[in-house]
Every structure is written in structure tokens, then in C-alpha cells.
Amino acid sequence: MKQEIFTIKSNKKIARDVYELILAGNTNEITAPGQFVNIALDGFYLRRPISVCDYESGKLTLIYKVVGKGTEKLAKMTEGETLDILTGLGNGYNTSKSGDKPVLIGGGVGVPPMFNLAKKLISEGKKVTAILGFNTKDEVFYEDEFRASGAETIIVTADGSYGKKGFVTDALPEVDYSFFYTCGPEPMFRALNKVVKTEGQYSFEERMGCGFGACMGCSCKTLTGNKRICKEGPVMESGEIIWKD
Amino acid sequence: MERLKVNLCGIELDNPVIPASGTFGFGYEFAELYDINILGTFSFKGTTKDARFGNPTPRIAECTSGMINAVGLQNPGVDKVISEELPKLKAVFNKKVMANVSGFSVEDYAYTCEKLDKEEQVGWLEVNVSCPNVHGGGMSFGTNPESAAEVTRAVKAVTKKPVFIKLSPNVTDIVAIAKACEQAGADGISLINTLLGMRIDLKTKRPVIANKMGGFSGPAIFPVALRMVYQVASNVNIPVIGIGGVSSAEDVIEMMLAGATAVQVGAANLVNPFACKEIIENLPAAMDKYRIENLKDIIGGALNG
């Protein structure tokens, strides 16, 4: 973890309530797709944890949804303004487990961390399929970016207004895959857990205090012991998750 | 630096800045960021007789200038703290540490304190009779003078190390409880623990926190903490550690003027992991600004004035 000051390069709406924030600053502390950063916002006591969508040297891309006053404030910030960010948080996905044809399954604001993961897996020579699920057409984002990365991209919407109608679980049976990676809401995880045919990695979300392992605010029980979502997570192995239903 | 030094029950601290229990783990997350030997000391994660997972999540809610937590004393239990956490701590921290202890019965407190008493690195015991996030223990001992005194006596009987009793602000008469602890043999008083609070999510119309209520901390509670430190320091003859919303060198000075011999920094560590380092670094300039030569000379400076 490092504390860094980033400068906003752009902050634009890319779907309903969803913004793409491109920042300039030191990204050296980010070492794996699926890690997150924790952003301080003037006037708000706690930082906002946001997953990394993409990163390269000197450039960080985040995609966030406006869900409350903090993200509303973030959405109003403009080019040239700076942000105090803790970077390189969490464990991230392990691409060495993927096999030769991994499937990436993102739901809503769980889609962003799939993007850098797709790029990394493709750069390692793997055949990547991405299933991206949204509620409706005007929430869809990054379809072109995923296709441009080289991932076979399947869009599903719950209301059928764009792409295939249904949920990510409806698209999964068509895909031949060696391992799965997913990020999204927990109901989607529970549905996925019932149909997946391989092992995989899930990225979890929880209300956090610090985001770096100090406060024990985001602990969860797993089959391999208690874990902090922010420190030993957010990515968990399919075999260690204790399902609640 | 000589002018920052204070003496806490016979142990000299390089400065009065102490990360508060539950906001600093067992130190090593922060040791990755800076040399934690610059601290006066720190109070480690609240330790109980048996391992505890704590409360269900969500455990955290944001507030104006503060936060609510309902972690519920998650810790690996005293045996693992001694066998696993303290050796790791020793590798990164070469000063005496403050052992924070909680319990669910008088016997629990004594059991855990007796074990930690044997640890050389433990300089002080800080007995938490004020956790608002557990049932049938914690705060229930700290909300009346007799039970607070009973815990104090039981702990004093098993240790020769200085014992601080950490008090709850969720009481009608903090002075009566502090005096009862002093009479029962406490070597010092730590205050305040968090204020019982809650938030409701307008979208779900349910409490944000799974446990419904939790402990409110952060800069918003500083004036309440300062007032209680002042009241207690005016009425006891043992050292007081001031805790509650401290976020700057100026806050440290204010707490000391109210009667605190040392000051703990809690929630600030969670939003700015360098908070304690920055406070320590900023203290000399703040002292110069207010014409303070030595910090130890200002302890209780605002009392009886």
C-alpha cells in the first residue's frame, strides 16, 4: 500500500449513473488485476474503495457508480483536480490459475475489474471469454473496450433491451471454459455457484473502515479461516467460500 | 526530542501519542508504512480469553466527521496473541506496548491479564470495561462504579504492571466510576471509548450496521471526550489517557491541557494511516506556536483555572 496524489485527466459519464475516471499518478503499488484503491473525498470522513479497472505506468482508470453522496461528489470533480488515494490494496486475481480458456463474469459495477484482468490474461496467451451482465441497455458500458482487448464478449441484460436477454448464468452454458473469474453482486455469486463447472475466483465487496487491514470492519469467515475482505481479499477461491443459503 | 517526553506510570514515553486499540491491529500493517518506533507506545487490538469472530457485517457506517463501528472484539484469543502476534510485533516494535483486554466476566478479565502480565514487552494493561459492541460483557462492567471497581480489583490482584481502566462515555456520572476504579487500585484511567450511535439507510429503511448500533468515533466526539477527560482529571489523582476524536497536534495539546498525561489517536489512523506520524512531527511547531517548552508541563494546565 502507498498513499499517492493523483490528478484527474478525465471524469466522464459512460452509462446511467456510471462514470469513467482517468487519473495520472504513480501506479507502481498496483501489482494485480482485481486490486482496489481507497479515495479520500473532501467533506467525507471515510475513504471510498473503488476497484481498479485498468492501470499502466502513470495512468489509472477507475469506473464507479454514483450510489450516494460521496460518489455524487466524485462525479462532479473535473480535470486538473487532485485526489488523495491509497493504492495497491487487496490481493487481486491470480492469473496463473486460469488454464488456457478462462471465462470472466462481471455483473454491473463488477464489470470494471474484469477489464484489466482480460488484458492480462490475453497478454499471457489465453483465450478469454467475457460475460458482462447489466439490468438494462442504458447501463451497459465498455463493450467496445472488451472487444478491442481481444476477449470474446457476450453482453446480457436482465430485461432483454440489449444483447442476450437474461442473466450471466444464462450465457455461461454456451461457453467452454477452464476456470472462472467473477465480480458482481452476491445474488449473482449465489446463482453462479450453483452452475459453474470449474473452480474459480470471486471478488467480494463489503463496507470498509480503513481498507488496509487495521480495523477488522470487513471480516468474513471462510473455510480457510477468518479473512479481511480488504487485506486477504477481496478475491477468494471458490473452494473456501462459505455460502450463506 | 526531550520536550515531547512524558512519564506514564514510571515508563517514559518519547511522546504522548498512542494509537488507540482497535485502530492499529498488532502494529505490523502500519510498520509497512513507517517506523512505528516513533510512537510513544500503542494499545494493541482488544484481546479476550477465547478467540472471537465478532459481529456480522456490515460493521461500519460513515457519519459527519466520524464513523460507527460494531466490530465486536474480533481477536484470536489471548493464547494466540501471545504465541503469534507478540513475536511478530517484537520484530517491528522495540518499546513497551499497551495490552488492551476485554472480557465477559470478572474471571475472564483476570485470566487474560494474568497471562499478559508475564509478557516482557507489555508495559501497561488497559482494561476495556466499555466496549459497546458485545452483549453480556464489555460496557456492562463500565457503567456502574461497583462492577468497574470489581474488575479493577480482580486485575490488580494478578499483575504488577500498571493498570489503566478504559471507561465508557455512555454513563450519567463518569467521575463516580473513575473514582471507584481509583479506589480499587487502578493506576490510571483511559477515556473515552466510543459513544453508542446508529445510522439508518434511507434506501433500505434499515440500520446500516448489522448489529443495529455501534460505537461512534472520530473528530465529532472530540469535545465530549475533552469534557470527560477534564471532569475525571479534576477528580482523580492518577494519570489519565485522553481518547476521542484526536486528529492533530493541536488536539493533543488541548487534551493534555484538560488533564491527559498521554493521548490516544483512534479513527484518524483508519482514514489517514500516517496520522500518528504526522501528529508527532507536527507537535514541536504547534508547541512553538503556543509557547510551550515541554509537553509534560502543560498536563492539566486548564484545570482549576
# chains A, B, ... in the order shown; residues from 1 in each chain; ligands from 1
>>> interface_residues(of="chain A", to="chain B", cutoff="6 Å", atoms="only C-alpha atoms", output="list of chain:residue names")
A:Tyr45, A:Leu46, A:Arg207, A:Cys210, A:Ala214, A:Cys215, A:Gly217
>>> select_by_dssp(residues="stretch 90-196 of chain A", states="alpha helix (DSSP H)", output="PyMOL selection string")
chain A and resi 112-123+143-149+168-171+186-195
>>> residues_around(residues="stretch 142-149 of chain A", least_positions_apart="4", cutoff="7 Å", atoms="only C-alpha atoms", output="list in words")
Phe115, Lys119 and Thr153 of chain A
>>> atom_distance(atom1="atom CA of A:Gly166", atom2="atom CA of A:Ser98")
25.8 Å
>>> atom_distance(atom1="atom CA of A:Leu223", atom2="atom CA of A:Phe189")
16.9 Å
>>> residues_around(residues="A:Glu72", least_positions_apart="6", cutoff="10 Å", atoms="only C-alpha atoms", output="PyMOL selection string")
chain A and resi 17+65-66
>>> write_last_selection(atoms="N, CA and C atoms", output="PDB file, in the first residue's frame")
ATOM      1  N   ASP A  17     -25.659   6.565 -14.437  1.00  0.00           N
ATOM      2  CA  ASP A  17     -25.045   6.657 -13.099  1.00  0.00           C
ATOM      3  C   ASP A  17     -23.616   6.114 -13.023  1.00  0.00           C
ATOM      4  N   LYS A  65     -19.937   3.752  -9.849  1.00  0.00           N
ATOM      5  CA  LYS A  65     -21.359   4.077  -9.974  1.00  0.00           C
ATOM      6  C   LYS A  65     -21.713   5.070  -8.874  1.00  0.00           C
ATOM      7  N   VAL A  66     -22.509   6.058  -9.217  1.00  0.00           N
ATOM      8  CA  VAL A  66     -22.980   7.006  -8.209  1.00  0.00           C
ATOM      9  C   VAL A  66     -24.074   6.317  -7.395  1.00  0.00           C
TER      10      VAL A  66
END
>>> atom_distance(atom1="atom CA of B:Met1", atom2="atom CA of B:Asn94")
17.5 Å
>>> residues_around(residues="A:Ile105", least_positions_apart="5", cutoff="8 Å", atoms="only C-alpha atoms", output="number ranges by chain")
A: 111, 114, 130-133, 168, 180-183
>>> closest_residue(among="A:Ala151, A:Val195, A:Met1, A:Ala24", to="A:Lys120", atoms="only C-alpha atoms")
A:Ala151
>>> residues_around(residues="B:Thr41", least_positions_apart="6", cutoff="12 Å", atoms="only C-alpha atoms", output="PyMOL selection string")
chain B and resi 5-8+11-21+24+26-27+93-99+121-124+262-265+276
>>> write_last_selection(atoms="C-alpha atoms", output="JSON list (two decimals), in the first residue's frame")
[["chain", "number", "residue", "atom", "x", "y", "z"],
["B", 5, "LYS", "CA", 8.59, 13.25, 26.66],
["B", 6, "VAL", "CA", 6.01, 12.27, 29.27],
["B", 7, "ASN", "CA", 6.05, 9.69, 32.04],
["B", 8, "LEU", "CA", 3.24, 7.16, 32.13],
["B", 11, "ILE", "CA", 7.68, 4.34, 31.99],
["B", 12, "GLU", "CA", 8.99, 7.24, 29.95],
["B", 13, "LEU", "CA", 7.33, 7.81, 26.59],
["B", 14, "ASP", "CA", 9.23, 9.64, 23.83],
["B", 15, "ASN", "CA", 6.00, 11.47, 23.14],
["B", 16, "PRO", "CA", 2.40, 11.22, 24.36],
["B", 17, "VAL", "CA", 0.97, 9.88, 21.06],
["B", 18, "ILE", "CA", -0.53, 6.38, 21.33],
["B", 19, "PRO", "CA", -2.62, 4.68, 18.61],
["B", 20, "ALA", "CA", -5.84, 3.50, 20.23],
["B", 21, "SER", "CA", -6.85, -0.13, 20.49],
["B", 24, "PHE", "CA", -3.83, -0.25, 14.82],
["B", 26, "PHE", "CA", -0.93, -5.50, 16.32],
["B", 27, "GLY", "CA", 1.10, -2.82, 14.61],
["B", 93, "PHE", "CA", 8.49, -2.54, 17.72],
["B", 94, "ASN", "CA", 11.18, -2.29, 20.37],
["B", 95, "LYS", "CA", 9.24, -0.36, 23.01],
["B", 96, "LYS", "CA", 6.80, -1.44, 25.69],
["B", 97, "VAL", "CA", 3.29, -1.98, 24.31],
["B", 98, "MET", "CA", -0.07, -1.39, 25.98],
["B", 99, "ALA", "CA", -2.09, -4.61, 26.21],
["B", 121, "GLN", "CA", 7.00, -6.41, 26.09],
["B", 122, "VAL", "CA", 3.73, -5.49, 27.80],
["B", 123, "GLY", "CA", 4.32, -2.27, 29.73],
["B", 124, "TRP", "CA", 0.77, -1.49, 30.79],
["B", 262, "ALA", "CA", -0.89, 10.86, 27.20],
["B", 263, "VAL", "CA", -3.28, 10.87, 24.28],
["B", 264, "GLN", "CA", -4.64, 8.11, 22.09],
["B", 265, "VAL", "CA", -5.44, 8.51, 18.41],
["B", 276, "CYS", "CA", 0.14, 9.44, 14.26]]
>>> residues_around(residues="A:Gln3", least_positions_apart="2", cutoff="12 Å", atoms="only C-alpha atoms", output="list of chain:residue names")
A:Met1, A:Ile5, A:Phe6, A:Gly25, A:Asn26, A:Thr27, A:Asn28, A:Glu29, A:Ile30, A:Val37, A:Asn38, A:Ile39, A:Ala40, A:Leu83, A:Asp84, A:Ile85, A:Leu86, A:Thr87, A:Gly88, A:Leu89, A:Phe212, B:Leu33, B:Tyr34, B:Val271, B:Asn272, B:Pro273, B:Phe274
>>> select_by_dssp(residues="stretch 135-233 of chain A", states="strand (DSSP E)", output="list of chain:residue names")
A:Glu152, A:Thr153, A:Ile154, A:Ile155, A:Val156, A:Thr157, A:Lys164, A:Lys165, A:Phe180, A:Tyr181, A:Thr182, A:Cys183, A:Gly200, A:Gln201, A:Tyr202, A:Ser203, A:Ser219, A:Cys220, A:Lys221, A:Thr222, A:Gly225, A:Asn226, A:Lys227, A:Arg228
>>> closest_residue(among="A:Thr61, A:Asn135, A:Asn11, A:Thr198", to="A:Phe167", atoms="only C-alpha atoms")
A:Asn135
>>> closest_residue(among="B:Arg227, B:Arg52, B:Lys161, B:Lys212", to="B:Gly259", atoms="only C-alpha atoms")
B:Arg227
